[in-house]
>>> print(open('start_23.json').read())   # JSON, N, CA and C atoms
[["chain", "number", "residue", "atom", "x", "y", "z"],
["H", 981, "MET", "N", -19.11, -51.63, 17.41],
["H", 981, "MET", "CA", -19.37, -52.19, 16.09],
["H", 981, "MET", "C", -18.08, -52.09, 15.28],
["H", 982, "THR", "N", -17.78, -53.14, 14.59],
["H", 982, "THR", "CA", -16.57, -53.15, 13.78],
["H", 982, "THR", "C", -16.73, -52.23, 12.57],
["H", 983, "PRO", "N", -15.65, -51.62, 12.11],
["H", 983, "PRO", "CA", -15.75, -50.70, 10.97],
["H", 983, "PRO", "C", -15.85, -51.42, 9.61],
["H", 984, "THR", "N", -15.53, -52.71, 9.58],
["H", 984, "THR", "CA", -15.60, -53.45, 8.31],
["H", 984, "THR", "C", -16.68, -54.52, 8.39],
["H", 985, "ILE", "N", -17.31, -54.79, 7.26],
["H", 985, "ILE", "CA", -18.37, -55.78, 7.22],
["H", 985, "ILE", "C", -17.80, -57.17, 7.49],
["H", 986, "PRO", "N", -18.48, -57.96, 8.31],
["H", 986, "PRO", "CA", -17.98, -59.31, 8.59],
["H", 986, "PRO", "C", -17.97, -60.16, 7.31],
["H", 987, "ASP", "N", -16.87, -60.84, 7.08],
["H", 987, "ASP", "CA", -16.71, -61.69, 5.90],
["H", 987, "ASP", "C", -17.14, -63.11, 6.27],
["H", 988, "VAL", "N", -18.42, -63.39, 6.10],
["H", 988, "VAL", "CA", -18.98, -64.70, 6.46],
["H", 988, "VAL", "C", -19.86, -65.21, 5.33],
["H", 989, "ALA", "N", -20.00, -66.52, 5.25],
["H", 989, "ALA", "CA", -20.89, -67.13, 4.25],
["H", 989, "ALA", "C", -22.34, -66.94, 4.68],
["H", 990, "ASP", "N", -23.24, -66.86, 3.70],
["H", 990, "ASP", "CA", -24.66, -66.64, 4.00],
["H", 990, "ASP", "C", -25.24, -67.68, 4.95],
["H", 991, "THR", "N", -24.91, -68.94, 4.74],
["H", 991, "THR", "CA", -25.52, -70.01, 5.52],
["H", 991, "THR", "C", -24.68, -70.47, 6.69],
["H", 992, "ALA", "N", -23.58, -69.78, 6.96],
["H", 992, "ALA", "CA", -22.74, -70.14, 8.11],
["H", 992, "ALA", "C", -23.52, -69.90, 9.39],
["H", 993, "ARG", "N", -23.31, -70.76, 10.38],
["H", 993, "ARG", "CA", -24.02, -70.66, 11.65],
["H", 993, "ARG", "C", -23.07, -70.23, 12.76],
["H", 994, "PHE", "N", -23.55, -69.30, 13.60],
["H", 994, "PHE", "CA", -22.72, -68.76, 14.67],
["H", 994, "PHE", "C", -23.50, -68.71, 15.97],
["H", 995, "THR", "N", -22.80, -68.93, 17.08],
["H", 995, "THR", "CA", -23.40, -68.77, 18.39],
["H", 995, "THR", "C", -23.50, -67.27, 18.69],
["H", 996, "ALA", "N", -24.16, -66.95, 19.78],
["H", 996, "ALA", "CA", -24.28, -65.54, 20.18],
["H", 996, "ALA", "C", -22.90, -64.95, 20.45],
["H", 997, "LYS", "N", -22.02, -65.71, 21.08],
["H", 997, "LYS", "CA", -20.66, -65.24, 21.37],
["H", 997, "LYS", "C", -19.89, -64.98, 20.07],
["H", 998, "GLU", "N", -19.99, -65.90, 19.12],
["H", 998, "GLU", "CA", -19.30, -65.73, 17.85],
["H", 998, "GLU", "C", -19.86, -64.55, 17.06],
["H", 999, "ALA", "N", -21.18, -64.38, 17.09],
["H", 999, "ALA", "CA", -21.80, -63.24, 16.40],
["H", 999, "ALA", "C", -21.35, -61.92, 17.04],
["H", 1000, "ALA", "N", -21.26, -61.92, 18.36],
["H", 1000, "ALA", "CA", -20.80, -60.72, 19.06],
["H", 1000, "ALA", "C", -19.36, -60.39, 18.68],
["H", 1001, "ASP", "N", -18.52, -61.40, 18.59],
["H", 1001, "ASP", "CA", -17.12, -61.17, 18.20],
["H", 1001, "ASP", "C", -17.03, -60.64, 16.78],
["H", 1002, "LEU", "N", -17.85, -61.19, 15.88],
["H", 1002, "LEU", "CA", -17.83, -60.73, 14.49],
["H", 1002, "LEU", "C", -18.26, -59.27, 14.36],
["H", 1003, "LEU", "N", -19.25, -58.89, 15.15],
["H", 1003, "LEU", "CA", -19.78, -57.53, 15.07],
["H", 1003, "LEU", "C", -19.04, -56.54, 15.97],
["H", 1004, "GLY", "N", -18.22, -57.06, 16.87],
["H", 1004, "GLY", "CA", -17.47, -56.19, 17.77],
["H", 1004, "GLY", "C", -18.31, -55.59, 18.87],
["H", 1005, "VAL", "N", -19.30, -56.35, 19.35],
["H", 1005, "VAL", "CA", -20.16, -55.89, 20.44],
["H", 1005, "VAL", "C", -20.16, -56.95, 21.54],
["H", 1006, "ASP", "N", -20.78, -56.64, 22.65],
["H", 1006, "ASP", "CA", -20.90, -57.58, 23.75],
["H", 1006, "ASP", "C", -22.01, -58.59, 23.47],
["H", 1007, "ARG", "N", -21.91, -59.76, 24.07],
["H", 1007, "ARG", "CA", -22.91, -60.79, 23.86],
["H", 1007, "ARG", "C", -24.30, -60.34, 24.34],
["H", 1008, "SER", "N", -24.35, -59.53, 25.38],
["H", 1008, "SER", "CA", -25.65, -59.03, 25.87],
["H", 1008, "SER", "C", -26.31, -58.13, 24.83],
["H", 1009, "THR", "N", -25.51, -57.45, 24.02],
["H", 1009, "THR", "CA", -26.05, -56.62, 22.93],
["H", 1009, "THR", "C", -26.71, -57.50, 21.89],
["H", 1010, "ILE", "N", -26.11, -58.64, 21.58],
["H", 1010, "ILE", "CA", -26.70, -59.58, 20.62],
["H", 1010, "ILE", "C", -28.06, -60.05, 21.13],
["H", 1011, "HIS", "N", -28.14, -60.39, 22.41],
["H", 1011, "HIS", "CA", -29.41, -60.85, 22.98],
["H", 1011, "HIS", "C", -30.45, -59.73, 22.98],
["H", 1012, "ARG", "N", -30.02, -58.50, 23.24],
["H", 1012, "ARG", "CA", -30.96, -57.38, 23.22],
["H", 1012, "ARG", "C", -31.46, -57.13, 21.80],
["H", 1013, "TRP", "N", -30.56, -57.17, 20.82],
["H", 1013, "TRP", "CA", -30.97, -56.98, 19.43],
["H", 1013, "TRP", "C", -31.91, -58.08, 18.99],
["H", 1014, "THR", "N", -31.73, -59.28, 19.50],
["H", 1014, "THR", "CA", -32.63, -60.39, 19.17],
["H", 1014, "THR", "C", -34.02, -60.12, 19.74],
["H", 1015, "ARG", "N", -34.07, -59.66, 20.98],
["H", 1015, "ARG", "CA", -35.36, -59.33, 21.60],
["H", 1015, "ARG", "C", -36.06, -58.20, 20.85],
["H", 1016, "GLU", "N", -35.28, -57.25, 20.38],
["H", 1016, "GLU", "CA", -35.83, -56.11, 19.64],
["H", 1016, "GLU", "C", -36.07, -56.42, 18.17],
["H", 1017, "ARG", "N", -35.79, -57.66, 17.77],
["H", 1017, "ARG", "CA", -35.97, -58.15, 16.39],
["H", 1017, "ARG", "C", -35.09, -57.43, 15.38],
["H", 1018, "ARG", "N", -33.94, -56.98, 15.82],
["H", 1018, "ARG", "CA", -32.96, -56.40, 14.90],
["H", 1018, "ARG", "C", -32.08, -57.48, 14.29],
["H", 1019, "LEU", "N", -31.98, -58.62, 14.99],
["H", 1019, "LEU", "CA", -31.16, -59.74, 14.56],
["H", 1019, "LEU", "C", -31.98, -61.01, 14.73],
["H", 1020, "LYS", "N", -32.09, -61.78, 13.67],
["H", 1020, "LYS", "CA", -32.94, -62.97, 13.68],
["H", 1020, "LYS", "C", -32.18, -64.17, 14.25],
["H", 1021, "LYS", "N", -32.85, -64.87, 15.17],
["H", 1021, "LYS", "CA", -32.30, -66.08, 15.78],
["H", 1021, "LYS", "C", -32.97, -67.29, 15.14],
["H", 1022, "HIS", "N", -32.19, -68.30, 14.81],
["H", 1022, "HIS", "CA", -32.69, -69.52, 14.21],
["H", 1022, "HIS", "C", -32.48, -70.68, 15.18],
["H", 1023, "TYR", "N", -33.22, -71.75, 14.95],
["H", 1023, "TYR", "CA", -33.05, -72.97, 15.74],
["H", 1023, "TYR", "C", -32.83, -74.13, 14.79],
["H", 1024, "GLY", "N", -31.97, -75.07, 15.19],
["H", 1024, "GLY", "CA", -31.71, -76.25, 14.38],
["H", 1024, "GLY", "C", -32.92, -77.17, 14.33],
["H", 1025, "ARG", "N", -32.97, -77.98, 13.33],
["H", 1025, "ARG", "CA", -34.09, -78.89, 13.15],
["H", 1025, "ARG", "C", -34.15, -79.93, 14.27],
["H", 1026, "TYR", "N", -33.02, -80.46, 14.66],
["H", 1026, "TYR", "CA", -32.98, -81.52, 15.66],
["H", 1026, "TYR", "C", -32.43, -81.07, 17.00],
["H", 1027, "SER", "N", -32.12, -79.80, 17.11],
["H", 1027, "SER", "CA", -31.55, -79.28, 18.34],
["H", 1027, "SER", "C", -32.29, -78.00, 18.72],
["H", 1028, "THR", "N", -32.37, -77.74, 19.99],
["H", 1028, "THR", "CA", -33.01, -76.51, 20.43],
["H", 1028, "THR", "C", -32.00, -75.38, 20.63],
["H", 1029, "ARG", "N", -30.76, -75.61, 20.23],
["H", 1029, "ARG", "CA", -29.74, -74.57, 20.37],
["H", 1029, "ARG", "C", -29.94, -73.49, 19.32],
["H", 1030, "PRO", "N", -29.96, -72.25, 19.75],
["H", 1030, "PRO", "CA", -30.13, -71.15, 18.80],
["H", 1030, "PRO", "C", -28.82, -70.85, 18.07],
["H", 1031, "TYR", "N", -28.95, -70.28, 16.89],
["H", 1031, "TYR", "CA", -27.79, -69.84, 16.13],
["H", 1031, "TYR", "C", -28.18, -68.64, 15.28],
["H", 1032, "TYR", "N", -27.18, -67.95, 14.80],
["H", 1032, "TYR", "CA", -27.36, -66.79, 13.95],
["H", 1032, "TYR", "C", -26.70, -67.08, 12.62],
["H", 1033, "GLU", "N", -27.37, -66.76, 11.52],
["H", 1033, "GLU", "CA", -26.82, -67.01, 10.19],
["H", 1033, "GLU", "C", -25.98, -65.83, 9.73],
["H", 1034, "GLY", "N", -25.00, -66.14, 8.88],
["H", 1034, "GLY", "CA", -24.09, -65.12, 8.37],
["H", 1034, "GLY", "C", -24.80, -63.99, 7.67],
["H", 1035, "LYS", "N", -25.81, -64.31, 6.86],
["H", 1035, "LYS", "CA", -26.51, -63.24, 6.13],
["H", 1035, "LYS", "C", -27.22, -62.29, 7.08],
["H", 1036, "ASP", "N", -27.75, -62.81, 8.19],
["H", 1036, "ASP", "CA", -28.42, -61.95, 9.17],
["H", 1036, "ASP", "C", -27.43, -61.08, 9.92],
["H", 1037, "ILE", "N", -26.25, -61.61, 10.17],
["H", 1037, "ILE", "CA", -25.20, -60.83, 10.83],
["H", 1037, "ILE", "C", -24.76, -59.68, 9.94],
["H", 1038, "ARG", "N", -24.55, -59.97, 8.65],
["H", 1038, "ARG", "CA", -24.17, -58.90, 7.70],
["H", 1038, "ARG", "C", -25.27, -57.86, 7.56],
["H", 1039, "ASP", "N", -26.54, -58.30, 7.50],
["H", 1039, "ASP", "CA", -27.66, -57.36, 7.40],
["H", 1039, "ASP", "C", -27.72, -56.45, 8.62],
["H", 1040, "CYS", "N", -27.48, -57.03, 9.78],
["H", 1040, "CYS", "CA", -27.47, -56.24, 11.02],
["H", 1040, "CYS", "C", -26.35, -55.20, 10.97],
["H", 1041, "TRP", "N", -25.17, -55.59, 10.49],
["H", 1041, "TRP", "CA", -24.06, -54.65, 10.38],
["H", 1041, "TRP", "C", -24.41, -53.52, 9.42],
["H", 1042, "ARG", "N", -25.04, -53.83, 8.32],
["H", 1042, "ARG", "CA", -25.38, -52.80, 7.31],
["H", 1042, "ARG", "C", -26.38, -51.78, 7.86],
["H", 1043, "ARG", "N", -27.28, -52.20, 8.72],
["H", 1043, "ARG", "CA", -28.27, -51.28, 9.27],
["H", 1043, "ARG", "C", -27.66, -50.28, 10.22],
["H", 1044, "TRP", "N", -26.51, -50.57, 10.75],
["H", 1044, "TRP", "CA", -25.87, -49.64, 11.69],
["H", 1044, "TRP", "C", -24.90, -48.84, 10.95]]
>>> encode(input="start_23.json", output="structure tokens")
Amino acid sequence: MTPTIPDVADTARFTAKEAADLLGVDRSTIHRWTRERRLKKHYGRYSTRPYYEGKDIRDCWRRW
């Protein structure tokens, strides 16, 4: 986990890889946290691709 809070916009969208890089963890950790409901995954209106919002990434960082 990174020692500084990620500087991201609330509505910015990130892939699992990008979220992992922002938080300083492995991508498998992001998927595990999603399964454990520690990090919320969103889906686009017209796409089935999942994404993570900036506010959820910051909230996850604050809990740790």
>>> residues_around(input="start_23.json", residues="H:Asp987", least_positions_apart="3", cutoff="8 Å", atoms="only N, CA and C atoms", output="list in words")
Thr984, Asp990, Leu1002, Gly1034 and Arg1038 of chain H
>>> atom_distance(input="start_23.json", atom1="atom C of H:Asp1039", atom2="atom CA of H:Arg1025")
23.8 Å
>>> atom_distance(input="start_23.json", atom1="atom N of H:Asp1006", atom2="atom CA of H:Thr1028")
23.4 Å
>>> closest_residue(input="start_23.json", among="H:Thr995, H:Gly1004, H:Gly1024, H:Thr1014", to="H:Pro983", atoms="all atoms listed in the file")
H:Gly1004
>>> residues_around(input="start_23.json", residues="H:Ala999", least_positions_apart="6", cutoff="9 Å", atoms="only C-alpha atoms", output="PDB file with N, CA and C atoms, in the coordinates of the input")
ATOM      1  N   VAL H1005     -19.300 -56.350  19.350  1.00  0.00           N
ATOM      2  CA  VAL H1005     -20.160 -55.890  20.440  1.00  0.00           C
ATOM      3  C   VAL H1005     -20.160 -56.950  21.540  1.00  0.00           C
ATOM      4  N   ARG H1007     -21.910 -59.760  24.070  1.00  0.00           N
ATOM      5  CA  ARG H1007     -22.910 -60.790  23.860  1.00  0.00           C
ATOM      6  C   ARG H1007     -24.300 -60.340  24.340  1.00  0.00           C
ATOM      7  N   ILE H1010     -26.110 -58.640  21.580  1.00  0.00           N
ATOM      8  CA  ILE H1010     -26.700 -59.580  20.620  1.00  0.00           C
ATOM      9  C   ILE H1010     -28.060 -60.050  21.130  1.00  0.00           C
ATOM     10  N   TYR H1031     -28.950 -70.280  16.890  1.00  0.00           N
ATOM     11  CA  TYR H1031     -27.790 -69.840  16.130  1.00  0.00           C
ATOM     12  C   TYR H1031     -28.180 -68.640  15.280  1.00  0.00           C
ATOM     13  N   TYR H1032     -27.180 -67.950  14.800  1.00  0.00           N
ATOM     14  CA  TYR H1032     -27.360 -66.790  13.950  1.00  0.00           C
ATOM     15  C   TYR H1032     -26.700 -67.080  12.620  1.00  0.00           C
ATOM     16  N   GLU H1033     -27.370 -66.760  11.520  1.00  0.00           N
ATOM     17  CA  GLU H1033     -26.820 -67.010  10.190  1.00  0.00           C
ATOM     18  C   GLU H1033     -25.980 -65.830   9.730  1.00  0.00           C
ATOM     19  N   GLY H1034     -25.000 -66.140   8.880  1.00  0.00           N
ATOM     20  CA  GLY H1034     -24.090 -65.120   8.370  1.00  0.00           C
ATOM     21  C   GLY H1034     -24.800 -63.990   7.670  1.00  0.00           C
ATOM     22  N   ILE H1037     -26.250 -61.610  10.170  1.00  0.00           N
ATOM     23  CA  ILE H1037     -25.200 -60.830  10.830  1.00  0.00           C
ATOM     24  C   ILE H1037     -24.760 -59.680   9.940  1.00  0.00           C
TER      25      ILE H1037
END
>>> residues_around(input="start_23.json", residues="H:Ser1008", least_positions_apart="5", cutoff="8 Å", atoms="all atoms listed in the file", output="list in words")
Ala996, Lys997, Ala1000, Trp1013 and Thr1014 of chain H
>>> atom_distance(input="start_23.json", atom1="atom CA of H:Thr982", atom2="atom CA of H:Lys1020")
19.1 Å
>>> closest_residue(input="start_23.json", among="H:Arg1043, H:Pro1030, H:Val988, H:Met981", to="H:His1011", atoms="only C-alpha atoms")
H:Pro1030
>>> select_by_dssp(input="start_23.json", residues="chain H", states="strand (DSSP E or B)", output="PyMOL selection string")
chain H and resi 993-994+1022-1023+1030-1033
>>> write_last_selection(input="start_23.json", atoms="N, CA and C atoms", output="mmCIF file, in the coordinates of the input")
data_model
loop_
_atom_site.group_PDB
_atom_site.id
_atom_site.type_symbol
_atom_site.label_atom_id
_atom_site.label_comp_id
_atom_site.auth_asym_id
_atom_site.auth_seq_id
_atom_site.Cartn_x
_atom_site.Cartn_y
_atom_site.Cartn_z
ATOM 1 N N ARG H 993 -23.310 -70.760 10.380
ATOM 2 C CA ARG H 993 -24.020 -70.660 11.650
ATOM 3 C C ARG H 993 -23.070 -70.230 12.760
ATOM 4 N N PHE H 994 -23.550 -69.300 13.600
ATOM 5 C CA PHE H 994 -22.720 -68.760 14.670
ATOM 6 C C PHE H 994 -23.500 -68.710 15.970
ATOM 7 N N HIS H 1022 -32.190 -68.300 14.810
ATOM 8 C CA HIS H 1022 -32.690 -69.520 14.210
ATOM 9 C C HIS H 1022 -32.480 -70.680 15.180
ATOM 10 N N TYR H 1023 -33.220 -71.750 14.950
ATOM 11 C CA TYR H 1023 -33.050 -72.970 15.740
ATOM 12 C C TYR H 1023 -32.830 -74.130 14.790
ATOM 13 N N PRO H 1030 -29.960 -72.250 19.750
ATOM 14 C CA PRO H 1030 -30.130 -71.150 18.800
ATOM 15 C C PRO H 1030 -28.820 -70.850 18.070
ATOM 16 N N TYR H 1031 -28.950 -70.280 16.890
ATOM 17 C CA TYR H 1031 -27.790 -69.840 16.130
ATOM 18 C C TYR H 1031 -28.180 -68.640 15.280
ATOM 19 N N TYR H 1032 -27.180 -67.950 14.800
ATOM 20 C CA TYR H 1032 -27.360 -66.790 13.950
ATOM 21 C C TYR H 1032 -26.700 -67.080 12.620
ATOM 22 N N GLU H 1033 -27.370 -66.760 11.520
ATOM 23 C CA GLU H 1033 -26.820 -67.010 10.190
ATOM 24 C C GLU H 1033 -25.980 -65.830 9.730
#
>>> decode(input="start_23.json", residues="stretch 1005-1018 of chain H", atoms="N, CA and C atoms", output="PDB file, in the first residue's frame")
ATOM      1  N   VAL H1005      -0.497  -2.055  -4.842  1.00  0.00           N
ATOM      2  CA  VAL H1005      -0.720  -3.471  -4.547  1.00  0.00           C
ATOM      3  C   VAL H1005      -0.778  -4.242  -5.863  1.00  0.00           C
ATOM      4  N   ASP H1006      -0.844  -5.549  -5.774  1.00  0.00           N
ATOM      5  CA  ASP H1006      -0.954  -6.393  -6.951  1.00  0.00           C
ATOM      6  C   ASP H1006      -2.391  -6.402  -7.463  1.00  0.00           C
ATOM      7  N   ARG H1007      -2.559  -6.661  -8.740  1.00  0.00           N
ATOM      8  CA  ARG H1007      -3.896  -6.693  -9.328  1.00  0.00           C
ATOM      9  C   ARG H1007      -4.770  -7.778  -8.686  1.00  0.00           C
ATOM     10  N   SER H1008      -4.173  -8.885  -8.283  1.00  0.00           N
ATOM     11  CA  SER H1008      -4.954  -9.948  -7.637  1.00  0.00           C
ATOM     12  C   SER H1008      -5.515  -9.474  -6.294  1.00  0.00           C
ATOM     13  N   THR H1009      -4.818  -8.556  -5.638  1.00  0.00           N
ATOM     14  CA  THR H1009      -5.312  -7.976  -4.385  1.00  0.00           C
ATOM     15  C   THR H1009      -6.559  -7.150  -4.648  1.00  0.00           C
ATOM     16  N   ILE H1010      -6.571  -6.399  -5.748  1.00  0.00           N
ATOM     17  CA  ILE H1010      -7.749  -5.608  -6.120  1.00  0.00           C
ATOM     18  C   ILE H1010      -8.943  -6.529  -6.333  1.00  0.00           C
ATOM     19  N   HIS H1011      -8.735  -7.632  -7.037  1.00  0.00           N
ATOM     20  CA  HIS H1011      -9.829  -8.575  -7.284  1.00  0.00           C
ATOM     21  C   HIS H1011     -10.308  -9.226  -5.980  1.00  0.00           C
ATOM     22  N   ARG H1012      -9.383  -9.522  -5.079  1.00  0.00           N
ATOM     23  CA  ARG H1012      -9.767 -10.106  -3.794  1.00  0.00           C
ATOM     24  C   ARG H1012     -10.568  -9.103  -2.970  1.00  0.00           C
ATOM     25  N   TRP H1013     -10.110  -7.851  -2.931  1.00  0.00           N
ATOM     26  CA  TRP H1013     -10.836  -6.827  -2.190  1.00  0.00           C
ATOM     27  C   TRP H1013     -12.216  -6.601  -2.778  1.00  0.00           C
ATOM     28  N   THR H1014     -12.352  -6.743  -4.085  1.00  0.00           N
ATOM     29  CA  THR H1014     -13.663  -6.608  -4.728  1.00  0.00           C
ATOM     30  C   THR H1014     -14.582  -7.743  -4.281  1.00  0.00           C
ATOM     31  N   ARG H1015     -14.054  -8.956  -4.263  1.00  0.00           N
ATOM     32  CA  ARG H1015     -14.854 -10.103  -3.805  1.00  0.00           C
ATOM     33  C   ARG H1015     -15.269  -9.944  -2.345  1.00  0.00           C
ATOM     34  N   GLU H1016     -14.372  -9.389  -1.545  1.00  0.00           N
ATOM     35  CA  GLU H1016     -14.649  -9.184  -0.119  1.00  0.00           C
ATOM     36  C   GLU H1016     -15.446  -7.913   0.142  1.00  0.00           C
ATOM     37  N   ARG H1017     -15.803  -7.202  -0.918  1.00  0.00           N
ATOM     38  CA  ARG H1017     -16.583  -5.956  -0.866  1.00  0.00           C
ATOM     39  C   ARG H1017     -15.869  -4.826  -0.129  1.00  0.00           C
ATOM     40  N   ARG H1018     -14.559  -4.832  -0.184  1.00  0.00           N
ATOM     41  CA  ARG H1018     -13.781  -3.728   0.371  1.00  0.00           C
ATOM     42  C   ARG H1018     -13.628  -2.613  -0.657  1.00  0.00           C
TER      43      ARG H1018
END
